[in-house]
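K.L.:
Input structure: final_9.txt, which contains compact mmCIF, C-alpha atoms.
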```txt
# COMPACT_ATOMS: atom_id res chain seq x y z
CA ASN Z 1 -6.49 28.23 -99.70
CA ASN Z 2 -6.61 27.86 -95.91
CA ARG Z 3 -3.53 26.70 -94.08
CA THR Z 4 -3.33 25.27 -90.60
CA VAL Z 5 -0.55 26.36 -88.28
CA LEU Z 6 -0.03 24.22 -85.18
CA PHE Z 7 1.32 25.50 -81.89
CA ARG Z 8 2.04 23.35 -78.86
CA CYS Z 9 3.04 25.86 -76.23
CA ILE Z 10 2.20 27.35 -72.84
CA ILE Z 11 -0.12 30.46 -72.87
CA PHE Z 12 -3.03 30.98 -75.24
CA PRO Z 13 -1.77 33.42 -77.91
CA PRO Z 14 -3.81 36.47 -78.83
CA LEU Z 15 -6.14 36.22 -81.80
CA ILE Z 16 -4.55 38.75 -84.13
CA THR Z 17 -4.74 39.92 -87.72
CA HIS Z 18 -1.58 40.34 -89.77
CA SER Z 19 -1.34 42.57 -92.82
CA LYS Z 20 2.40 42.37 -93.51
CA SER Z 21 4.23 39.94 -95.75
CA GLU Z 22 2.72 36.65 -96.81
CA THR Z 23 5.19 34.83 -94.60
CA ASP Z 24 4.31 36.97 -91.59
CA LYS Z 25 0.64 36.43 -92.36
CA TYR Z 26 0.95 32.71 -91.78
CA PHE Z 27 3.87 32.34 -89.38
CA SER Z 28 4.38 34.84 -86.60
CA VAL Z 29 6.05 34.85 -83.23
CA VAL Z 30 3.41 34.33 -80.55
CA LYS Z 31 3.46 34.03 -76.81
CA PRO Z 32 3.48 30.42 -75.60
CA SER Z 33 0.09 28.88 -74.94
CA LEU Z 34 -1.38 26.98 -72.03
CA TYR Z 35 -3.27 24.81 -74.45
CA PRO Z 36 -2.08 22.97 -77.55
CA VAL Z 37 -4.08 24.69 -80.25
CA ALA Z 38 -4.50 24.85 -83.98
CA PHE Z 39 -5.27 27.97 -85.98
CA THR Z 40 -6.90 28.05 -89.38
CA VAL Z 41 -5.43 30.97 -91.33
CA GLY Z 42 -7.19 32.28 -94.40
CA ALA Z 43 -6.30 34.72 -97.16
CA SER Z 44 -7.47 37.62 -95.00
CA GLY Z 45 -4.73 36.86 -92.51
CA LYS Z 46 -7.23 36.36 -89.70
CA ARG Z 47 -6.52 33.49 -87.37
CA CYS Z 48 -9.11 31.71 -85.29
CA LEU Z 49 -9.01 28.88 -82.80
CA SER Z 50 -10.10 25.72 -84.57
CA MET Z 51 -9.26 22.94 -82.15
CA LEU Z 52 -7.76 21.86 -78.85
CA ALA Z 53 -5.32 19.03 -79.44
CA GLU Z 54 -5.27 17.74 -75.87
CA LEU Z 55 -5.88 18.90 -72.34
CA PRO Z 56 -3.06 19.88 -69.99
CA GLU Z 57 -2.18 17.27 -67.38
CA THR Z 58 -3.74 19.25 -64.52
CA HIS Z 59 -7.03 19.45 -66.38
CA GLN Z 60 -6.94 15.76 -67.27
CA MET Z 61 -6.43 14.89 -63.61
CA LEU Z 62 -9.31 17.12 -62.49
CA ARG Z 63 -11.55 15.66 -65.17
CA GLN Z 64 -10.77 12.09 -64.14
CA THR Z 65 -11.19 12.89 -60.44
CA CYS Z 66 -14.63 14.39 -61.06
CA ARG Z 67 -15.58 11.49 -63.34
CA ASP Z 68 -14.60 8.95 -60.69
CA PHE Z 69 -16.49 10.85 -57.99
CA ALA Z 70 -19.61 11.17 -60.14
CA GLY Z 71 -19.57 7.49 -61.01
CA ARG Z 72 -19.00 6.41 -57.41
CA GLU Z 73 -21.02 8.95 -55.39
CA LEU Z 74 -23.62 10.52 -57.67
CA ALA Z 75 -24.79 8.17 -60.42
CA PRO Z 76 -25.90 5.44 -57.95
CA ILE Z 77 -28.15 7.87 -56.03
CA ALA Z 78 -29.24 10.21 -58.85
CA ALA Z 79 -32.58 8.47 -59.37
CA LYS Z 80 -33.34 8.57 -55.62
CA LEU Z 81 -32.41 12.25 -55.37
CA ASP Z 82 -34.65 12.96 -58.37
CA LYS Z 83 -37.59 11.02 -56.97
CA GLU Z 84 -37.38 12.55 -53.50
CA HIS Z 85 -36.39 16.08 -54.57
CA SER Z 86 -33.48 15.72 -52.13
CA TYR Z 87 -30.62 18.21 -51.95
CA PRO Z 88 -27.33 16.23 -52.02
CA ALA Z 89 -25.78 18.03 -49.04
CA LYS Z 90 -23.17 15.38 -48.24
CA GLN Z 91 -21.99 15.17 -51.85
CA VAL Z 92 -21.86 18.97 -52.20
CA ARG Z 93 -19.64 19.17 -49.11
CA GLU Z 94 -17.38 16.49 -50.58
CA LEU Z 95 -17.19 18.47 -53.81
CA GLY Z 96 -16.20 21.46 -51.69
CA ASP Z 97 -13.40 19.40 -50.16
CA MET Z 98 -12.28 18.57 -53.71
CA GLY Z 99 -12.23 22.26 -54.64
CA VAL Z 100 -15.01 21.90 -57.20
CA MET Z 101 -17.37 24.39 -55.53
CA ALA Z 102 -14.93 27.25 -56.20
CA VAL Z 103 -12.77 26.23 -59.15
CA GLU Z 104 -11.82 29.70 -60.39
CA VAL Z 105 -11.56 31.37 -56.97
CA PRO Z 106 -7.93 32.07 -55.94
CA GLU Z 107 -6.40 29.86 -53.28
CA SER Z 108 -6.00 32.93 -51.05
CA LEU Z 109 -9.81 33.09 -50.80
CA GLY Z 110 -10.27 29.36 -50.30
CA GLY Z 111 -10.71 28.28 -53.92
CA THR Z 112 -8.79 26.03 -56.27
CA GLY Z 113 -7.27 28.79 -58.41
CA LEU Z 114 -7.76 27.02 -61.73
CA ASP Z 115 -9.25 28.43 -64.94
CA TYR Z 116 -12.63 28.33 -66.63
CA LEU Z 117 -11.75 25.39 -68.84
CA ALA Z 118 -11.06 23.38 -65.68
CA TYR Z 119 -14.41 24.51 -64.29
CA SER Z 120 -16.19 23.47 -67.50
CA LEU Z 121 -14.63 20.01 -67.35
CA ALA Z 122 -15.66 19.60 -63.72
CA VAL Z 123 -19.29 20.61 -64.33
CA GLU Z 124 -19.59 18.25 -67.30
CA GLU Z 125 -18.34 15.25 -65.35
CA ILE Z 126 -20.46 16.01 -62.27
CA SER Z 127 -23.54 16.47 -64.49
CA ARG Z 128 -22.79 13.19 -66.20
CA GLY Z 129 -23.42 11.52 -62.85
CA CYS Z 130 -26.25 13.80 -61.67
CA ALA Z 131 -27.53 16.83 -63.58
CA SER Z 132 -29.09 18.33 -60.44
CA THR Z 133 -25.76 18.33 -58.64
CA GLY Z 134 -24.18 19.76 -61.77
CA VAL Z 135 -26.41 22.82 -61.74
CA ILE Z 136 -25.85 23.33 -58.00
CA VAL Z 137 -22.11 23.43 -58.73
CA SER Z 138 -22.59 25.65 -61.77
CA VAL Z 139 -24.75 28.27 -60.04
CA ASN Z 140 -22.43 28.52 -57.03
CA ASN Z 141 -19.32 28.87 -59.21
CA SER Z 142 -20.37 31.07 -62.09
CA LEU Z 143 -23.55 32.90 -61.07
CA TYR Z 144 -22.80 33.56 -57.42
CA LEU Z 145 -19.02 33.49 -56.85
CA GLY Z 146 -18.25 34.79 -60.35
CA PRO Z 147 -19.71 38.31 -60.01
CA VAL Z 148 -18.53 38.69 -56.40
CA LEU Z 149 -15.00 37.73 -57.45
CA LYS Z 150 -15.03 40.19 -60.36
CA TYR Z 151 -16.85 43.16 -58.83
CA GLY Z 152 -16.59 42.72 -55.08
CA THR Z 153 -14.40 44.77 -52.77
CA GLU Z 154 -11.69 42.98 -50.80
CA GLU Z 155 -13.90 43.01 -47.73
CA GLN Z 156 -16.87 41.65 -49.70
CA LYS Z 157 -14.72 38.85 -51.09
CA LYS Z 158 -13.72 37.74 -47.59
CA LEU Z 159 -17.31 37.81 -46.36
CA TRP Z 160 -19.17 36.54 -49.42
CA ILE Z 161 -16.69 34.22 -51.17
CA THR Z 162 -14.54 32.30 -48.68
CA PRO Z 163 -17.46 30.74 -46.71
CA PHE Z 164 -18.95 29.54 -50.02
CA THR Z 165 -15.92 27.59 -51.22
CA THR Z 166 -16.25 24.55 -48.95
CA GLY Z 167 -19.67 23.23 -49.95
CA GLU Z 168 -21.08 24.02 -46.51
CA LYS Z 169 -22.81 27.04 -48.05
CA VAL Z 170 -24.02 27.74 -51.58
CA GLY Z 171 -25.19 30.94 -53.22
CA CYS Z 172 -27.83 31.86 -55.78
CA PHE Z 173 -28.44 34.48 -58.48
CA ALA Z 174 -31.68 36.48 -58.42
CA LEU Z 175 -32.26 38.22 -61.75
CA SER Z 176 -35.45 36.85 -63.33
CA GLU Z 177 -38.86 38.10 -62.24
CA PRO Z 178 -42.38 36.75 -62.77
CA GLY Z 179 -42.96 39.16 -65.65
CA ASN Z 180 -39.55 39.53 -67.24
CA GLY Z 181 -37.75 36.23 -67.66
CA SER Z 182 -35.88 37.12 -70.86
CA ASP Z 183 -36.18 40.91 -70.50
CA ALA Z 184 -33.51 41.34 -67.84
CA GLY Z 185 -33.51 45.12 -68.23
CA ALA Z 186 -37.09 45.48 -67.02
CA ALA Z 187 -36.50 44.78 -63.32
CA SER Z 188 -39.52 45.79 -61.24
CA THR Z 189 -37.82 44.92 -57.94
CA MET Z 190 -36.89 48.25 -56.35
CA ALA Z 191 -34.10 49.33 -54.02
CA ARG Z 192 -34.25 52.68 -52.22
CA GLN Z 193 -31.72 54.17 -49.87
CA ASP Z 194 -32.86 54.88 -46.32
CA GLY Z 195 -30.02 56.32 -44.25
CA ASN Z 196 -27.24 53.76 -44.08
CA GLN Z 197 -29.38 50.98 -45.53
CA TRP Z 198 -30.87 49.79 -48.78
CA VAL Z 199 -34.52 48.71 -48.66
CA LEU Z 200 -35.48 46.09 -51.26
CA ASN Z 201 -39.00 45.28 -52.42
CA GLY Z 202 -40.08 42.90 -55.17
CA THR Z 203 -40.18 39.28 -56.27
CA LYS Z 204 -37.50 37.26 -58.04
CA ALA Z 205 -38.55 34.12 -59.90
CA TRP Z 206 -37.08 30.73 -60.81
CA ILE Z 207 -34.13 31.04 -58.43
CA THR Z 208 -31.97 27.91 -58.53
CA ASN Z 209 -30.49 26.82 -55.16
CA SER Z 210 -32.96 29.13 -53.39
CA TRP Z 211 -34.11 26.75 -50.64
CA ASP Z 212 -30.54 25.69 -49.88
CA ALA Z 213 -28.72 29.00 -50.36
CA SER Z 214 -27.03 31.13 -47.71
CA ALA Z 215 -26.74 34.25 -49.89
CA ALA Z 216 -28.03 35.75 -53.12
CA VAL Z 217 -26.85 38.24 -55.70
CA VAL Z 218 -30.03 40.28 -56.16
CA PHE Z 219 -30.68 42.77 -58.97
CA ALA Z 220 -32.97 45.71 -58.27
CA THR Z 221 -33.77 49.08 -59.83
CA THR Z 222 -32.29 52.08 -58.01
CA ASP Z 223 -33.32 54.67 -60.63
CA LYS Z 224 -36.36 53.79 -62.75
CA SER Z 225 -35.84 56.75 -65.10
CA LEU Z 226 -32.57 55.25 -66.36
CA LYS Z 227 -34.24 51.94 -67.34
CA HIS Z 228 -31.61 49.17 -67.57
CA LYS Z 229 -28.86 51.63 -66.60
CA GLY Z 230 -30.68 52.20 -63.34
CA ILE Z 231 -30.31 48.58 -62.16
CA SER Z 232 -27.87 47.78 -59.35
CA ALA Z 233 -26.66 44.53 -57.76
CA PHE Z 234 -26.80 43.66 -54.07
CA LEU Z 235 -25.52 40.92 -51.77
CA VAL Z 236 -28.29 39.62 -49.54
CA PRO Z 237 -27.74 37.02 -46.78
CA MET Z 238 -30.20 34.14 -46.47
CA PRO Z 239 -32.22 33.77 -44.36
CA HIS Z 240 -32.74 37.45 -43.63
CA PRO Z 241 -35.56 39.62 -42.25
CA GLY Z 242 -37.78 40.81 -45.07
CA LEU Z 243 -36.78 37.95 -47.37
CA SER Z 244 -39.00 34.89 -47.76
CA LEU Z 245 -39.18 31.99 -50.19
CA GLY Z 246 -42.09 30.93 -52.35
CA LYS Z 247 -43.09 27.31 -52.77
CA LYS Z 248 -40.47 24.87 -53.94
CA GLU Z 249 -41.32 24.27 -57.59
CA ASP Z 250 -42.26 20.72 -58.63
CA LYS Z 251 -40.21 20.55 -61.82
CA LEU Z 252 -39.97 18.22 -64.80
CA GLY Z 253 -36.24 17.68 -64.29
CA ILE Z 254 -33.19 18.63 -62.17
CA ARG Z 255 -35.47 17.86 -59.24
CA ALA Z 256 -32.72 17.55 -56.61
CA SER Z 257 -31.89 21.25 -57.01
CA SER Z 258 -34.38 23.64 -55.46
CA THR Z 259 -36.17 26.35 -57.45
CA ALA Z 260 -38.43 29.00 -55.90
CA ASN Z 261 -39.32 32.68 -55.83
CA LEU Z 262 -37.43 35.12 -53.60
CA ILE Z 263 -39.90 37.56 -52.05
CA LEU Z 264 -38.44 40.84 -50.76
CA GLU Z 265 -40.67 42.91 -48.47
CA ASP Z 266 -38.88 45.88 -46.93
CA CYS Z 267 -35.73 43.79 -46.86
CA ARG Z 268 -33.02 45.98 -45.31
CA ILE Z 269 -29.33 45.49 -45.99
CA PRO Z 270 -26.29 47.72 -45.26
CA LEU Z 271 -25.14 50.22 -47.90
CA GLU Z 272 -21.88 48.29 -48.23
CA ASN Z 273 -23.82 45.28 -49.57
CA MET Z 274 -24.09 46.90 -53.01
CA LEU Z 275 -21.99 44.89 -55.47
CA GLY Z 276 -20.07 47.11 -57.85
CA GLU Z 277 -21.20 50.67 -58.41
CA ARG Z 278 -24.70 52.07 -58.54
CA GLY Z 279 -26.26 51.46 -61.96
CA MET Z 280 -23.82 48.66 -62.87
CA GLY Z 281 -26.32 45.87 -62.24
CA PHE Z 282 -27.32 45.21 -65.83
CA LYS Z 283 -23.68 45.08 -66.93
CA ILE Z 284 -22.84 42.71 -64.09
CA ALA Z 285 -25.81 40.50 -64.97
CA MET Z 286 -24.98 40.29 -68.67
CA GLN Z 287 -21.30 39.54 -68.11
CA THR Z 288 -22.21 36.95 -65.50
CA LEU Z 289 -24.65 35.27 -67.88
CA ASP Z 290 -21.95 35.06 -70.56
CA SER Z 291 -19.79 32.96 -68.26
CA GLY Z 292 -22.81 31.17 -66.80
CA ARG Z 293 -23.77 29.97 -70.26
CA ILE Z 294 -20.49 28.08 -70.46
CA GLY Z 295 -21.45 26.40 -67.20
CA ILE Z 296 -24.88 25.40 -68.49
CA ALA Z 297 -23.34 24.22 -71.76
CA SER Z 298 -21.07 22.03 -69.65
CA GLN Z 299 -24.03 20.71 -67.68
CA ALA Z 300 -25.82 19.92 -70.94
CA LEU Z 301 -22.72 18.11 -72.19
CA GLY Z 302 -22.74 15.93 -69.10
CA ILE Z 303 -26.39 15.03 -69.65
CA ALA Z 304 -25.77 14.36 -73.35
CA GLN Z 305 -22.76 12.16 -72.63
CA ALA Z 306 -24.66 10.21 -69.96
CA ALA Z 307 -27.51 9.60 -72.42
CA LEU Z 308 -25.05 8.42 -75.08
CA ASP Z 309 -23.36 6.16 -72.51
CA CYS Z 310 -26.71 4.63 -71.61
CA ALA Z 311 -27.74 4.05 -75.24
CA ALA Z 312 -24.41 2.62 -76.37
CA ASP Z 313 -24.13 0.28 -73.38
CA TYR Z 314 -27.69 -0.95 -73.85
CA SER Z 315 -27.17 -1.53 -77.58
CA LEU Z 316 -24.31 -3.92 -76.81
CA LYS Z 317 -26.38 -5.97 -74.36
CA ARG Z 318 -29.87 -6.00 -75.88
CA MET Z 319 -30.24 -8.97 -78.20
CA ALA Z 320 -32.55 -9.00 -81.22
CA PHE Z 321 -32.54 -11.11 -84.37
CA GLY Z 322 -29.72 -13.19 -82.91
CA ALA Z 323 -27.29 -10.34 -82.28
CA PRO Z 324 -26.84 -7.19 -80.16
CA ILE Z 325 -28.96 -4.35 -81.54
CA GLY Z 326 -25.74 -2.33 -81.76
CA LYS Z 327 -24.97 -4.41 -84.84
CA LEU Z 328 -28.04 -3.02 -86.61
CA GLN Z 329 -27.36 -0.14 -88.98
CA ALA Z 330 -30.42 1.79 -87.76
CA ILE Z 331 -29.00 1.83 -84.23
CA GLN Z 332 -25.46 2.51 -85.40
CA PHE Z 333 -26.59 5.57 -87.34
CA LYS Z 334 -28.34 6.93 -84.25
CA LEU Z 335 -25.25 6.39 -82.10
CA ALA Z 336 -23.03 8.02 -84.72
CA ASP Z 337 -25.22 11.13 -84.91
CA MET Z 338 -25.38 11.31 -81.12
CA ALA Z 339 -21.59 11.07 -80.82
CA VAL Z 340 -21.05 13.79 -83.43
CA ALA Z 341 -23.52 16.11 -81.68
CA VAL Z 342 -21.92 15.79 -78.26
CA GLU Z 343 -18.36 16.13 -79.55
CA GLY Z 344 -19.16 19.20 -81.64
CA ALA Z 345 -20.87 20.88 -78.71
CA ARG Z 346 -17.95 19.99 -76.44
CA LEU Z 347 -15.44 21.68 -78.74
CA LEU Z 348 -17.58 24.82 -78.89
CA THR Z 349 -17.77 24.85 -75.11
CA TRP Z 350 -14.04 24.39 -74.69
CA LYS Z 351 -13.40 27.18 -77.19
CA ALA Z 352 -15.63 29.57 -75.25
CA ALA Z 353 -13.87 28.65 -72.00
CA VAL Z 354 -10.41 29.14 -73.52
CA LEU Z 355 -11.41 32.55 -74.90
CA LYS Z 356 -12.66 33.60 -71.46
CA ASP Z 357 -9.43 32.39 -69.87
CA SER Z 358 -7.41 34.37 -72.42
CA ARG Z 359 -9.49 37.50 -71.63
CA LYS Z 360 -10.82 37.70 -75.17
CA ALA Z 361 -14.41 38.51 -76.13
CA TYR Z 362 -16.47 35.35 -75.85
CA THR Z 363 -20.11 36.47 -75.83
CA LYS Z 364 -20.84 34.89 -79.20
CA GLU Z 365 -18.94 31.71 -78.45
CA ALA Z 366 -20.63 31.26 -75.06
CA ALA Z 367 -24.05 31.63 -76.69
CA MET Z 368 -23.04 29.18 -79.43
CA ALA Z 369 -21.82 26.68 -76.86
CA LYS Z 370 -24.97 26.98 -74.77
CA LEU Z 371 -27.23 26.67 -77.81
CA ALA Z 372 -25.37 23.73 -79.33
CA ALA Z 373 -24.90 21.81 -76.09
CA SER Z 374 -28.45 22.27 -74.81
CA GLU Z 375 -30.03 21.25 -78.10
CA ALA Z 376 -27.59 18.35 -78.37
CA ALA Z 377 -28.60 17.19 -74.88
CA THR Z 378 -32.29 17.24 -75.77
CA TYR Z 379 -31.68 15.48 -79.09
CA ILE Z 380 -29.33 12.84 -77.70
CA SER Z 381 -31.51 12.02 -74.69
CA HIS Z 382 -34.50 11.71 -77.04
CA GLN Z 383 -32.58 9.34 -79.30
CA ALA Z 384 -31.39 7.34 -76.30
CA ILE Z 385 -35.00 6.59 -75.41
CA GLN Z 386 -35.57 5.43 -78.99
CA VAL Z 387 -32.59 3.08 -78.74
CA LEU Z 388 -33.87 1.63 -75.46
CA GLY Z 389 -37.46 1.39 -76.67
CA GLY Z 390 -39.86 0.54 -73.85
CA MET Z 391 -37.01 0.39 -71.35
CA GLY Z 392 -36.25 4.01 -72.11
CA TYR Z 393 -39.71 5.03 -70.96
CA VAL Z 394 -39.54 3.61 -67.45
CA THR Z 395 -37.62 4.74 -64.39
CA ASP Z 396 -35.72 1.44 -64.17
CA MET Z 397 -33.27 3.02 -66.61
CA PRO Z 398 -31.79 6.55 -66.45
CA ALA Z 399 -32.71 7.48 -70.04
CA GLU Z 400 -36.03 9.08 -69.12
CA ARG Z 401 -34.35 11.15 -66.40
CA HIS Z 402 -31.71 12.37 -68.84
CA TYR Z 403 -34.51 13.46 -71.18
CA ARG Z 404 -36.29 15.37 -68.40
CA ASP Z 405 -33.08 16.95 -67.14
CA ALA Z 406 -31.99 18.01 -70.62
CA ARG Z 407 -35.08 20.06 -71.36
CA ILE Z 408 -34.31 22.88 -68.93
CA THR Z 409 -30.91 23.55 -70.49
CA GLU Z 410 -32.68 25.10 -73.48
CA ILE Z 411 -34.56 27.47 -71.16
CA TYR Z 412 -32.57 28.79 -68.20
CA GLU Z 413 -29.71 31.28 -68.41
CA GLY Z 414 -31.17 32.41 -71.72
CA THR Z 415 -33.54 30.42 -73.92
CA SER Z 416 -32.38 28.99 -77.24
CA GLU Z 417 -34.21 31.87 -78.89
CA ILE Z 418 -32.23 34.40 -76.86
CA GLN Z 419 -28.98 32.60 -77.75
CA ARG Z 420 -29.82 32.90 -81.44
CA LEU Z 421 -30.46 36.62 -81.04
CA VAL Z 422 -27.14 37.08 -79.24
CA ILE Z 423 -25.27 35.10 -81.90
CA ALA Z 424 -26.92 36.93 -84.78
CA ASN Z 425 -26.16 40.34 -83.26
CA GLN Z 426 -22.52 39.41 -82.77
CA VAL Z 427 -22.21 38.02 -86.31
CA LEU Z 428 -23.72 41.16 -87.83
CA LYS Z 429 -21.30 43.34 -85.82
CA GLU Z 430 -18.41 41.39 -87.30
CA TYR Z 431 -19.62 42.12 -90.81
CA GLN Z 432 -20.09 45.81 -90.04
CA THR Z 433 -16.46 46.33 -89.01
```
What does the file become when written as structure tokens?

P.N.:
Amino acid sequence: NNRTVLFRCIIFPPLITHSKSETDKYFSVVKPSLYPVAFTVGASGKRCLSMLAELPETHQMLRQTCRDFAGRELAPIAAKLDKEHSYPAKQVRELGDMGVMAVEVPESLGGTGLDYLAYSLAVEEISRGCASTGVIVSVNNSLYLGPVLKYGTEEQKKLWITPFTTGEKVGCFALSEPGNGSDAGAASTMARQDGNQWVLNGTKAWITNSWDASAAVVFATTDKSLKHKGISAFLVPMPHPGLSLGKKEDKLGIRASSTANLILEDCRIPLENMLGERGMGFKIAMQTLDSGRIGIASQALGIAQAALDCAADYSLKRMAFGAPIGKLQAIQFKLADMAVAVEGARLLTWKAAVLKDSRKAYTKEAAMAKLAASEAATYISHQAIQVLGGMGYVTDMPAERHYRDARITEIYEGTSEIQRLVIANQVLKEYQT
């Protein structure tokens, strides 16, 4: 039989396996935990995180602050931003003032100095008000600042992190190419050394924040014979000679965030602009995507929650057969399924964030969170339109925008199919050990 052991402490304890006495198997001395957690312990003695009882006070305050800001500053203009494809510059600067543009960055570099769970909470609440703003925040935090913080030199951190913490500047992440969206190891963009410079040539595709970015983390092949081990990462300022942007894509959703190709034609940058060591690019990209998937899962959660909010609120106001439609079992069943989907995805996302914060392996959990949250967002926004009926199909209500915004979360930062491959590979490894 499984037993549940509850800990309400200060630092997340390590996930460990005991093979001693039966008593030691179930009850052991652990380091205090930042998060109140519960472990399910089976006959094998393995313990795994099964729930978060409640959020720490700091995280609750951040969550509420972001929720209030999104409701006051983003939700009222989200439809206008979407219609006009307008970058929310004022709101992004205000988010910078709040510390949301650099949640995990240490205070010494201009950031907030909080953890990844805090970042996840912030992205969800911002996305609940405006999914486009949510992805702007997510890309700057996890895809741009994340790899520079982890792999950058002290000098690089000062130059490429601190100016991007205030919301005045945002960064982007240039990995995908026109011919290799999911095959990240097949980079055709080349970088060759010429004296004290790197010369970059190639095209990067589907780059979020591109038209509004002041810098990019660019991945290029430095040694084609080594295949994915010959890819390196570079920091490229924007605008910059030799770098141009393709057309701004006219997208189905998240229309207030810009997406375009980055075109590199003899783009010269100093040797010191290499991020990490030569040949580390693929490793940097994969580790960055692991954490980025938690960000996109959080964005999807915000979209899903907003769609549920819209459907539930409408069901209490729309009258049919002499009563609110929320009294009808058909509607109640939809709302129940929607609520279960969003809550389950949220717990998976929180678990992945906590594992990252505790410096444990989280590749599988991040993929699970991204898969569950993105598919939940698509499902819930679809069901919200069903609840609203004809009103869900017109732009007078936000339901149709939630549906359009949700769709991309199953595609970028790894399609749902890629997430399933990642999960399956990780599961099979567990059974082989």

K.L.:
When you draw a straight line from atom CA of Asp115 of chain Z to atom CA of Val103 of chain Z, how long is it in Å?

P.N.:
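Atom CA of Val103 of chain Z lies 7.1 Å from atom CA of Asp115 of chain Z.
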
K.L.:
Pick out the closest residue to Glu343 of chain Z from this set: Z:Lys150, Z:Ala369, Z:Arg192, Z:Thr433. Count all atoms listed in the file.

P.N.:
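Among the listed residues, the smallest separation from Glu343 of chain Z belongs to Z:Ala369.
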
K.L.:
Any idea what's packed within 12 Å of Gly71 of chain Z, counting only C-alpha atoms, ignoring anything in its chain fewer than 6 positions away? Could you give it as an MDAnalysis selection string?

P.N.:
chainID Z and resid 64:65 77:78 125:130 306

K.L.:
When you look at Gln332 of chain Z with a cut-off of 12 Å (counting all atoms listed in the file), what residues show up, excluding the ones that are within fewer than 4 positions of it in the same chain? I need them as a ChimeraX atom specification.

P.N.:
/Z:308,311-312,315-316,324-328,336-339,383-384,387

K.L.:
Where does segment 79-122 of chain Z meet segment 344-349 of chain Z within 10 Å, residue by residue, with the nearest atom pair and distance in Å to one decimal for each, counting all atoms listed in the file, listed by chain and rising number, as a Markdown table?

P.N.:
```
| residue | atom | partner | partner_atom | distance |
| --- | --- | --- | --- | --- |
| Z:Leu117 | CA | Z:Thr349 | CA | 8.7 |
| Z:Ser120 | CA | Z:Thr349 | CA | 7.9 |
| Z:Leu121 | CA | Z:Thr349 | CA | 9.7 |
```

K.L.:
Have a look at Z:Ile296, Z:Leu143, Z:Ala320, Z:Phe333 and name the one nearest to Leu371 of chain Z; count all atoms listed in the file.

P.N.:
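Closest to Leu371 of chain Z, using all atoms listed in the file: Z:Ile296.
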
K.L.:
Please identify all polymer residues within 12 Å of segment 79-84 of chain Z, counting all atoms listed in the file, omitting same-chain residues fewer than 6 positions from it, and present them as number ranges by chain.

P.N.:
Z: 73, 91, 129-133, 250-258, 394-402, 404-405

K.L.:
Which residue, Z:Ala89, Z:Ala297, Z:Ala186, Z:Cys310, has the smallest gap to Tyr119 of chain Z when you use only C-alpha atoms?

P.N.:
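Result for the nearest residue to Tyr119 of chain Z: Z:Ala297.
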
K.L.:
Sort by chain and increasing residue number a table of all residues of segment 220-335 of chain Z within 10 Å of segment 153-158 of chain Z, each with its closest pair of atoms and their distance in Å to one decimal, counting all atoms listed in the file, and write it as a Markdown table.

P.N.:
```
| residue | atom | partner | partner_atom | distance |
| --- | --- | --- | --- | --- |
| Z:Leu235 | CA | Z:Gln156 | CA | 8.9 |
| Z:Glu272 | CA | Z:Gln156 | CA | 8.4 |
| Z:Asn273 | CA | Z:Gln156 | CA | 7.8 |
| Z:Met274 | CA | Z:Gln156 | CA | 9.5 |
| Z:Leu275 | CA | Z:Thr153 | CA | 8.1 |
| Z:Gly276 | CA | Z:Thr153 | CA | 8.0 |
```

K.L.:
Need to verify the contact set: Glu104 of chain Z, 8 Å, only C-alpha atoms, exclusion of same-chain residues closer than 2 positions in sequence. Can you return it as a PDB file with C-alpha atoms, keeping the file's coordinate frame?

P.N.:
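Listed below is the output, result_14.pdb:
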```pdb
ATOM      1  CA  ALA Z 102     -14.930  27.250 -56.200  1.00  0.00           C
ATOM      2  CA  PRO Z 106      -7.930  32.070 -55.940  1.00  0.00           C
ATOM      3  CA  GLY Z 111     -10.710  28.280 -53.920  1.00  0.00           C
ATOM      4  CA  THR Z 112      -8.790  26.030 -56.270  1.00  0.00           C
ATOM      5  CA  GLY Z 113      -7.270  28.790 -58.410  1.00  0.00           C
ATOM      6  CA  LEU Z 114      -7.760  27.020 -61.730  1.00  0.00           C
ATOM      7  CA  ASP Z 115      -9.250  28.430 -64.940  1.00  0.00           C
ATOM      8  CA  TYR Z 116     -12.630  28.330 -66.630  1.00  0.00           C
ATOM      9  CA  TYR Z 119     -14.410  24.510 -64.290  1.00  0.00           C
ATOM     10  CA  ASN Z 141     -19.320  28.870 -59.210  1.00  0.00           C
TER      11      ASN Z 141
END
```

K.L.:
If I take atom CA of Glu168 of chain Z and atom CA of Phe234 of chain Z, how far is one from the other in Å, to one decimal?

P.N.:
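Distance reported for this atom pair: 21.8 Å.
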
K.L.:
Find the residue from Z:Thr415, Z:Thr288, Z:Thr409, Z:Thr259 that sits nearest to Ala213 of chain Z; use only C-alpha atoms when measuring.

P.N.:
Z:Thr259

K.L.:
Write out as a VMD selection string the residues lying within 10 Å of Pro178 of chain Z, counting all atoms listed in the file and excluding same-chain residues fewer than 3 positions away.

P.N.:
chain Z and resid 181 187 to 188 203 to 206 261

K.L.:
When distances are computed from only C-alpha atoms, which of Z:Asp266, Z:Glu124, Z:Glu417, Z:Glu249 shows the smallest separation from Gln193 of chain Z?

P.N.:
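Answer, going by the shortest atom-to-atom distance: Z:Asp266.
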